[in-house]
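Colleague: Dropping the structure in here first, questions after.
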Amino acid sequence: MNRTAVAVELRKTRRARVVPVLAVMVIAVVALSSANLFSDSMRADLSDPSAQPWEQLLLNHVVVAAMTSPVVVAVLASRQVDIEHQGQGWTLARVCGLGPGQLCRAKALVLGAVLTLAVAVQSALVAGAGLLAGVEVAFPAGMWARYTLTLALVNLVVLFLHLWLAARVDNQFVGLGVGLLGAFYAVFALLMPAWVALALPWGHYAAISPLGTGPDGGLAAVTPAYGVLVPYLSAVVVLFAVACRRFDRAEEGPA
Amino acid sequence: MSHVITTEGLTKTYGSRTVVDGLDLRVPEGCVYGFLGPNGSGKSTTMKMLLSLVRPTRGEISVLGRPVDHRTRHELSPHIGSLIEAPPGYGHLTGRENMAVVQRMLGSSDRQVARAVEIVRLGEHMDKRVRDYSLGMKQRLGIATALARDPRLLVLDEPTNGLDPAGIEEIRELLVSLADRGITVMVSSHLLDEVDRMASVLGVLGRGRLIFQGTREELFDRSVPDLLVDTPEPERALDLGLPAVRGPGGLRLSGFDDAATADLVRQLVHHEVPVHGVRRVRQSLEEVFMDLTGREGLS
């Protein structure tokens, strides 16, 4: 990774409102995920292990994250790449010795870091909302941590896809539209068999859910298909690296 | 005379379409080189090849005595400033922040950046966001980014595009002053009067080929201006079968070089046609350019 490209990217990010966009996402996800914690009907279940209050809260988090994350990732990627299209940044960087692929990798690193941090904060705040509401049953820390980690990974993969798309297609409505469709697909995949969720990257927001329906109709812990997820996610990372290399070798800009 | 840029048979084709065809450029050191041609004649593609942004299909390029390819790009880039197509600038950042981005990419010093900003006289607008800049200010910022490395060569593609007359004059003065400082400036334009006033050497491109290269005087010598013959009896002259039309004060004839002019005068005097004067039409650079490019037009 080129340190100059990363340093330059950080300077460009300063006024790009990345932090406000992520703050809105985190607040929205926490609010929507924990809204029913404070309802009268739920209050009675907060100390009842059979009511699975933490599992209910985590499932809400899964649904809301699947709904919002694809859109937020698309917005961030598109904003960060569009400044290059609008400001002749690809050419400027090239004549200064930085290829478009190097810029895209730097964007992936910078946005990936803040996005991962946002996911960690978001997940902690959702758990904090449960504690604040007075959930008294034991906190499923392992399940919570695994979901947070896989959510961050899926976000990164979708980010790579959107960065590539935003660089290739200078009309940013395309990327935003894809993000919106991705959000629909992610939510839809929650209700569909696992292979549907695994078919497209956006479906992985559903595939990483650590909860399913048990034989009694209640929530039961399930193990996401890591055997498919990990190679899939790795393949996208490799493809992104290859695409960036091609950007560097191509004449003129990536679009 | 040493040349900062030389090309040999520089050619670029896209599929079956040849955009640049066998250019042999010679850009002398320390001059303003005006690179002229109608839109689509291959100026931008040529400049991109000089900057290693586009790979030539055939031919050789040497800049500052070094061959240009992807291996020498890093070696040459600190010495070449450029402005290709639209001026660069991140709209959401201030002018100062944009210069900081460029400074980081080039590894320039604070002194180099301050000097570049001072040269383009943008100092008082540096804390304004670039999206609020006028086009002229954006052009000046673009030139400042090109100057931020103390370049020996500036390659500027239509730097006066979209500017009002005052803005054009400002950029013109700036480029002439840069050449006075020893920086070689290669500037493309289709605003011929503009180039006429700043360039000491011209290259004229038409349909991807170099039609002319040399000084302004050499360019005018290449094109023979029309001849005006002052005579009170143009009809008698026309009866002699001369390839002439009626013009102000007499006749107007095209394509008569000095020897042909002498023959013409001799013929008129021999047939006792009164000749009060013979002079050439004063040509603008635009007329010469139109003549050379086969009247392709300027845009």
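Each chain of the structure tokens is named A, B, ... in the order shown, its residues numbered from 1; ligands are numbered from 1 in display order.
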Residues of chain A no more than 6 Å from chain B, counting only C-alpha atoms: send them over as a ChimeraX atom specification.
Modeller: /A:8,87-88,96-97,251-252
Colleague: Generate a file of the selected residues that holds C-alpha atoms, formatted as a short mmCIF file (atom, residue, chain, number, x, y, z; two decimals), in the first residue's frame.
Modeller:
data_model
loop_
_atom_site.label_atom_id
_atom_site.label_comp_id
_atom_site.auth_asym_id
_atom_site.auth_seq_id
_atom_site.Cartn_x
_atom_site.Cartn_y
_atom_site.Cartn_z
CA VAL A 8 -3.59 12.09 0.43
CA GLY A 87 -12.08 17.17 -9.91
CA GLN A 88 -9.95 15.53 -12.63
CA CYS A 96 2.01 13.18 -9.83
CA GLY A 97 2.97 9.50 -10.01
CA GLU A 251 -4.67 4.51 -20.29
CA GLU A 252 -6.37 7.60 -18.83
#
Colleague: For the structure I just gave you, how does DSSP split region 18-252 of chain A - specifically, which residues are strand (DSSP E)? Reply as a ChimeraX atom specification.
Modeller: /A:211-213,219-221
Colleague: Tell me, which residues of region 32-253 of chain A carry DSSP alpha helix (DSSP H), written as a PyMOL selection string?
Modeller: chain A and resi 32-34+40-43+53-86+89-95+100-133+141-168+172-190+194-199+204-207+226-249
Colleague: Which residues are close to region 243-259 of chain B, i.e. within 6 Å by only C-alpha atoms, leaving aside same-chain residues fewer than 6 positions away? Reply as a PyMOL selection string.
Modeller: chain B and resi 226-231+234
Colleague: For the residues selected in the previous step, produce a file with N, CA and C atoms as a PDB file, in the first residue's frame.
Modeller:
ATOM      1  N   ASP B 226      -2.595  37.088 -50.308  1.00  0.00           N
ATOM      2  CA  ASP B 226      -3.135  37.594 -51.583  1.00  0.00           C
ATOM      3  C   ASP B 226      -2.468  38.913 -51.958  1.00  0.00           C
ATOM      4  N   LEU B 227      -2.510  39.164 -53.244  1.00  0.00           N
ATOM      5  CA  LEU B 227      -1.880  40.380 -53.792  1.00  0.00           C
ATOM      6  C   LEU B 227      -2.982  41.376 -54.171  1.00  0.00           C
ATOM      7  N   LEU B 228      -2.776  42.642 -53.804  1.00  0.00           N
ATOM      8  CA  LEU B 228      -3.725  43.689 -54.205  1.00  0.00           C
ATOM      9  C   LEU B 228      -3.041  44.608 -55.209  1.00  0.00           C
ATOM     10  N   VAL B 229      -3.656  44.767 -56.378  1.00  0.00           N
ATOM     11  CA  VAL B 229      -3.091  45.657 -57.413  1.00  0.00           C
ATOM     12  C   VAL B 229      -4.007  46.869 -57.518  1.00  0.00           C
ATOM     13  N   ASP B 230      -3.424  48.032 -57.230  1.00  0.00           N
ATOM     14  CA  ASP B 230      -4.206  49.269 -57.338  1.00  0.00           C
ATOM     15  C   ASP B 230      -4.154  49.757 -58.786  1.00  0.00           C
ATOM     16  N   THR B 231      -5.329  49.741 -59.402  1.00  0.00           N
ATOM     17  CA  THR B 231      -5.393  50.235 -60.792  1.00  0.00           C
ATOM     18  C   THR B 231      -6.778  50.839 -61.040  1.00  0.00           C
ATOM     19  N   PRO B 234      -9.377  48.168 -63.801  1.00  0.00           N
ATOM     20  CA  PRO B 234      -9.314  46.721 -63.532  1.00  0.00           C
ATOM     21  C   PRO B 234      -9.880  45.880 -64.666  1.00  0.00           C
TER      22      PRO B 234
END
Colleague: Which polymer residues have any atom within 10 Å of an atom of Leu109 (chain A), counting only C-alpha atoms, with same-chain residues fewer than 2 positions away left out, as a PyMOL selection string?
Modeller: chain A and resi 1+6+9-10+103-107+111-115+156+160
Colleague: Could you jot down the CA of Gly182 (chain A) to CA of Leu229 (chain A) separation for me, Å, one decimal place?
Modeller: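 Atom-to-atom, CA of Gly182 (chain A) to CA of Leu229 (chain A), that is 17.2 Å.
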Colleague: Find the residues near Phe247 (chain A): any atom within 12 Å, counting only C-alpha atoms, skip ones fewer than 6 places away on the same chain, and give them as a PyMOL selection string.
Modeller: chain A and resi 90+94+98-105+164+167-168+240-241+253-255
Colleague: Keeping only N, CA and C atoms, write the selected residues to a file as a PDB file, in the first residue's frame.
Modeller:
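Result went into again-v2.pdb, see below:
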ATOM      1  N   TRP A  90      -8.104  11.770 -11.184  1.00  0.00           N
ATOM      2  CA  TRP A  90      -7.372  10.639 -11.758  1.00  0.00           C
ATOM      3  C   TRP A  90      -6.150  11.136 -12.516  1.00  0.00           C
ATOM      4  N   ARG A  94      -2.191  10.846 -11.636  1.00  0.00           N
ATOM      5  CA  ARG A  94      -1.294  10.165 -12.590  1.00  0.00           C
ATOM      6  C   ARG A  94      -0.052  11.001 -12.889  1.00  0.00           C
ATOM      7  N   LEU A  98       0.803   8.773  -9.134  1.00  0.00           N
ATOM      8  CA  LEU A  98      -0.087   7.798  -8.477  1.00  0.00           C
ATOM      9  C   LEU A  98      -1.132   7.313  -9.474  1.00  0.00           C
ATOM     10  N   GLY A  99      -1.236   6.019  -9.646  1.00  0.00           N
ATOM     11  CA  GLY A  99      -2.215   5.463 -10.579  1.00  0.00           C
ATOM     12  C   GLY A  99      -3.609   5.404  -9.973  1.00  0.00           C
ATOM     13  N   PRO A 100      -4.643   5.293 -10.818  1.00  0.00           N
ATOM     14  CA  PRO A 100      -6.016   5.200 -10.321  1.00  0.00           C
ATOM     15  C   PRO A 100      -6.220   4.005  -9.381  1.00  0.00           C
ATOM     16  N   GLY A 101      -5.539   2.915  -9.677  1.00  0.00           N
ATOM     17  CA  GLY A 101      -5.658   1.729  -8.818  1.00  0.00           C
ATOM     18  C   GLY A 101      -5.111   1.996  -7.422  1.00  0.00           C
ATOM     19  N   GLN A 102      -4.020   2.734  -7.375  1.00  0.00           N
ATOM     20  CA  GLN A 102      -3.461   3.090  -6.064  1.00  0.00           C
ATOM     21  C   GLN A 102      -4.433   3.964  -5.288  1.00  0.00           C
ATOM     22  N   LEU A 103      -5.082   4.889  -5.999  1.00  0.00           N
ATOM     23  CA  LEU A 103      -6.077   5.741  -5.334  1.00  0.00           C
ATOM     24  C   LEU A 103      -7.228   4.880  -4.806  1.00  0.00           C
ATOM     25  N   CYS A 104      -7.689   3.918  -5.610  1.00  0.00           N
ATOM     26  CA  CYS A 104      -8.817   3.078  -5.186  1.00  0.00           C
ATOM     27  C   CYS A 104      -8.430   2.230  -3.970  1.00  0.00           C
ATOM     28  N   ARG A 105      -7.229   1.714  -3.976  1.00  0.00           N
ATOM     29  CA  ARG A 105      -6.795   0.915  -2.818  1.00  0.00           C
ATOM     30  C   ARG A 105      -6.725   1.786  -1.560  1.00  0.00           C
ATOM     31  N   TRP A 164     -15.145  -0.132  -6.973  1.00  0.00           N
ATOM     32  CA  TRP A 164     -14.858  -0.505  -8.357  1.00  0.00           C
ATOM     33  C   TRP A 164     -15.938   0.055  -9.303  1.00  0.00           C
ATOM     34  N   ALA A 167     -15.759   3.785  -9.692  1.00  0.00           N
ATOM     35  CA  ALA A 167     -14.623   4.202 -10.519  1.00  0.00           C
ATOM     36  C   ALA A 167     -14.888   3.921 -12.000  1.00  0.00           C
ATOM     37  N   ARG A 168     -15.542   2.806 -12.282  1.00  0.00           N
ATOM     38  CA  ARG A 168     -15.797   2.415 -13.674  1.00  0.00           C
ATOM     39  C   ARG A 168     -16.907   3.242 -14.318  1.00  0.00           C
ATOM     40  N   PHE A 240     -10.762  -7.388  -6.488  1.00  0.00           N
ATOM     41  CA  PHE A 240     -10.576  -5.934  -6.313  1.00  0.00           C
ATOM     42  C   PHE A 240      -9.111  -5.569  -6.560  1.00  0.00           C
ATOM     43  N   ALA A 241      -8.221  -6.397  -6.027  1.00  0.00           N
ATOM     44  CA  ALA A 241      -6.786  -6.137  -6.219  1.00  0.00           C
ATOM     45  C   ALA A 241      -6.426  -6.204  -7.707  1.00  0.00           C
ATOM     46  N   GLY A 253      -8.288   7.572 -17.295  1.00  0.00           N
ATOM     47  CA  GLY A 253      -8.965   7.225 -16.050  1.00  0.00           C
ATOM     48  C   GLY A 253      -9.600   5.850 -16.101  1.00  0.00           C
ATOM     49  N   PRO A 254     -10.138   5.376 -14.956  1.00  0.00           N
ATOM     50  CA  PRO A 254     -10.718   4.035 -14.942  1.00  0.00           C
ATOM     51  C   PRO A 254     -12.091   3.944 -15.596  1.00  0.00           C
ATOM     52  N   ALA A 255     -12.801   5.087 -15.728  1.00  0.00           N
ATOM     53  CA  ALA A 255     -14.173   5.044 -16.263  1.00  0.00           C
ATOM     54  C   ALA A 255     -14.165   4.802 -17.766  1.00  0.00           C
TER      55      ALA A 255
END
Colleague: Counting only C-alpha atoms, what is within 10 Å of Arg43 (chain A), bar same-chain residues fewer than 3 positions away, as a PyMOL selection string?
Modeller: chain A and resi 36-40+46-48+53+133-135
Colleague: Okay, now the selection with N, CA and C atoms, as a JSON list (two decimals), in the first residue's frame?
Modeller:
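In the end it all went to selection-v1.json:
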[["chain", "number", "residue", "atom", "x", "y", "z"],
["A", 36, "ASN", "N", -38.05, -1.42, 20.17],
["A", 36, "ASN", "CA", -39.09, -2.16, 20.92],
["A", 36, "ASN", "C", -38.62, -2.60, 22.31],
["A", 37, "LEU", "N", -37.33, -2.35, 22.62],
["A", 37, "LEU", "CA", -36.84, -2.69, 23.98],
["A", 37, "LEU", "C", -37.59, -1.90, 25.05],
["A", 38, "PHE", "N", -37.99, -0.73, 24.64],
["A", 38, "PHE", "CA", -38.58, 0.17, 25.62],
["A", 38, "PHE", "C", -40.11, 0.13, 25.61],
["A", 39, "SER", "N", -40.66, -0.83, 24.85],
["A", 39, "SER", "CA", -42.12, -0.96, 24.86],
["A", 39, "SER", "C", -42.56, -1.70, 26.12],
["A", 40, "ASP", "N", -43.77, -1.46, 26.53],
["A", 40, "ASP", "CA", -44.28, -2.08, 27.78],
["A", 40, "ASP", "C", -44.28, -3.59, 27.68],
["A", 46, "LEU", "N", -37.54, -8.72, 29.83],
["A", 46, "LEU", "CA", -36.12, -8.40, 29.87],
["A", 46, "LEU", "C", -35.32, -9.27, 30.84],
["A", 47, "SER", "N", -36.03, -9.83, 31.84],
["A", 47, "SER", "CA", -35.32, -10.69, 32.79],
["A", 47, "SER", "C", -35.71, -12.16, 32.61],
["A", 48, "ASP", "N", -36.42, -12.46, 31.54],
["A", 48, "ASP", "CA", -36.89, -13.83, 31.30],
["A", 48, "ASP", "C", -36.02, -14.49, 30.22],
["A", 53, "PRO", "N", -34.33, -12.08, 25.23],
["A", 53, "PRO", "CA", -34.28, -10.64, 24.91],
["A", 53, "PRO", "C", -33.04, -10.24, 24.11],
["A", 133, "ALA", "N", -31.79, -0.62, 28.81],
["A", 133, "ALA", "CA", -33.21, -0.96, 28.95],
["A", 133, "ALA", "C", -33.44, -1.90, 30.14],
["A", 134, "GLY", "N", -32.37, -2.55, 30.59],
["A", 134, "GLY", "CA", -32.49, -3.40, 31.78],
["A", 134, "GLY", "C", -32.56, -4.89, 31.50],
["A", 135, "VAL", "N", -31.96, -5.34, 30.37],
["A", 135, "VAL", "CA", -31.92, -6.78, 30.11],
["A", 135, "VAL", "C", -31.04, -7.43, 31.19]]
Colleague: If I take CA of Glu217 (chain B) and CA of His190 (chain B), how far is one from the other in Å, to one decimal?
Modeller: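 Taking CA of Glu217 (chain B) as the start and CA of His190 (chain B) as the end point, the length is 19.1 Å.
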Colleague: Excluding same-chain residues fewer than 3 positions from Pro67 (chain B), what lies within 10 Å of it counting only C-alpha atoms, as JSON, numbers by chain?
Modeller: {"B": [5, 6, 7, 50, 60, 61, 62, 63, 64, 70, 71, 72, 73, 76]}
Colleague: Output N, CA and C atoms of each residue in that selection to a file, as a PDB file, in the first residue's frame.
Modeller:
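Final output, saved to again-v3.pdb:
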ATOM      1  N   ILE B   5      11.678  18.878 -25.741  1.00  0.00           N
ATOM      2  CA  ILE B   5      10.851  17.760 -26.231  1.00  0.00           C
ATOM      3  C   ILE B   5      11.261  17.442 -27.668  1.00  0.00           C
ATOM      4  N   THR B   6      11.504  16.177 -27.925  1.00  0.00           N
ATOM      5  CA  THR B   6      11.644  15.736 -29.318  1.00  0.00           C
ATOM      6  C   THR B   6      10.827  14.454 -29.490  1.00  0.00           C
ATOM      7  N   THR B   7      10.161  14.366 -30.604  1.00  0.00           N
ATOM      8  CA  THR B   7       9.462  13.111 -30.924  1.00  0.00           C
ATOM      9  C   THR B   7       9.867  12.681 -32.326  1.00  0.00           C
ATOM     10  N   LEU B  50       3.066  12.751 -24.362  1.00  0.00           N
ATOM     11  CA  LEU B  50       4.283  13.377 -23.819  1.00  0.00           C
ATOM     12  C   LEU B  50       4.355  13.193 -22.303  1.00  0.00           C
ATOM     13  N   GLU B  60       8.962   7.486 -31.015  1.00  0.00           N
ATOM     14  CA  GLU B  60       9.776   7.703 -29.826  1.00  0.00           C
ATOM     15  C   GLU B  60       9.511   9.099 -29.273  1.00  0.00           C
ATOM     16  N   ILE B  61       9.590   9.204 -27.956  1.00  0.00           N
ATOM     17  CA  ILE B  61       9.461  10.514 -27.306  1.00  0.00           C
ATOM     18  C   ILE B  61      10.665  10.689 -26.388  1.00  0.00           C
ATOM     19  N   SER B  62      11.221  11.880 -26.448  1.00  0.00           N
ATOM     20  CA  SER B  62      12.277  12.216 -25.495  1.00  0.00           C
ATOM     21  C   SER B  62      11.910  13.542 -24.847  1.00  0.00           C
ATOM     22  N   VAL B  63      11.892  13.553 -23.517  1.00  0.00           N
ATOM     23  CA  VAL B  63      11.595  14.777 -22.780  1.00  0.00           C
ATOM     24  C   VAL B  63      12.741  15.014 -21.798  1.00  0.00           C
ATOM     25  N   LEU B  64      13.270  16.221 -21.833  1.00  0.00           N
ATOM     26  CA  LEU B  64      14.404  16.592 -20.977  1.00  0.00           C
ATOM     27  C   LEU B  64      15.558  15.593 -21.132  1.00  0.00           C
ATOM     28  N   HIS B  70       6.743   4.129 -19.181  1.00  0.00           N
ATOM     29  CA  HIS B  70       6.280   3.952 -17.804  1.00  0.00           C
ATOM     30  C   HIS B  70       7.434   3.820 -16.812  1.00  0.00           C
ATOM     31  N   ARG B  71       8.630   3.445 -17.330  1.00  0.00           N
ATOM     32  CA  ARG B  71       9.775   3.281 -16.420  1.00  0.00           C
ATOM     33  C   ARG B  71      10.361   4.625 -16.026  1.00  0.00           C
ATOM     34  N   THR B  72      10.288   5.612 -16.929  1.00  0.00           N
ATOM     35  CA  THR B  72      10.904   6.916 -16.620  1.00  0.00           C
ATOM     36  C   THR B  72       9.887   7.925 -16.102  1.00  0.00           C
ATOM     37  N   ARG B  73       8.608   7.494 -16.016  1.00  0.00           N
ATOM     38  CA  ARG B  73       7.559   8.423 -15.586  1.00  0.00           C
ATOM     39  C   ARG B  73       7.891   9.051 -14.224  1.00  0.00           C
ATOM     40  N   LEU B  76      10.773  11.533 -14.421  1.00  0.00           N
ATOM     41  CA  LEU B  76      10.507  12.791 -15.128  1.00  0.00           C
ATOM     42  C   LEU B  76       9.447  13.654 -14.444  1.00  0.00           C
TER      43      LEU B  76
END
Colleague: Which one is closest to Val288 (chain B): B:Arg129, B:Arg111, B:Arg17, B:Arg222? Count only C-alpha atoms.
Modeller: B:Arg222
Colleague: From the set B:His79, B:Leu264, B:Thr184, B:Tyr33, which residue has the shortest atom-to-atom contact distance to Arg197 (chain B), counting only C-alpha atoms?
Modeller: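 Using only C-alpha atoms, Arg197 (chain B) sits closest to B:Tyr33.
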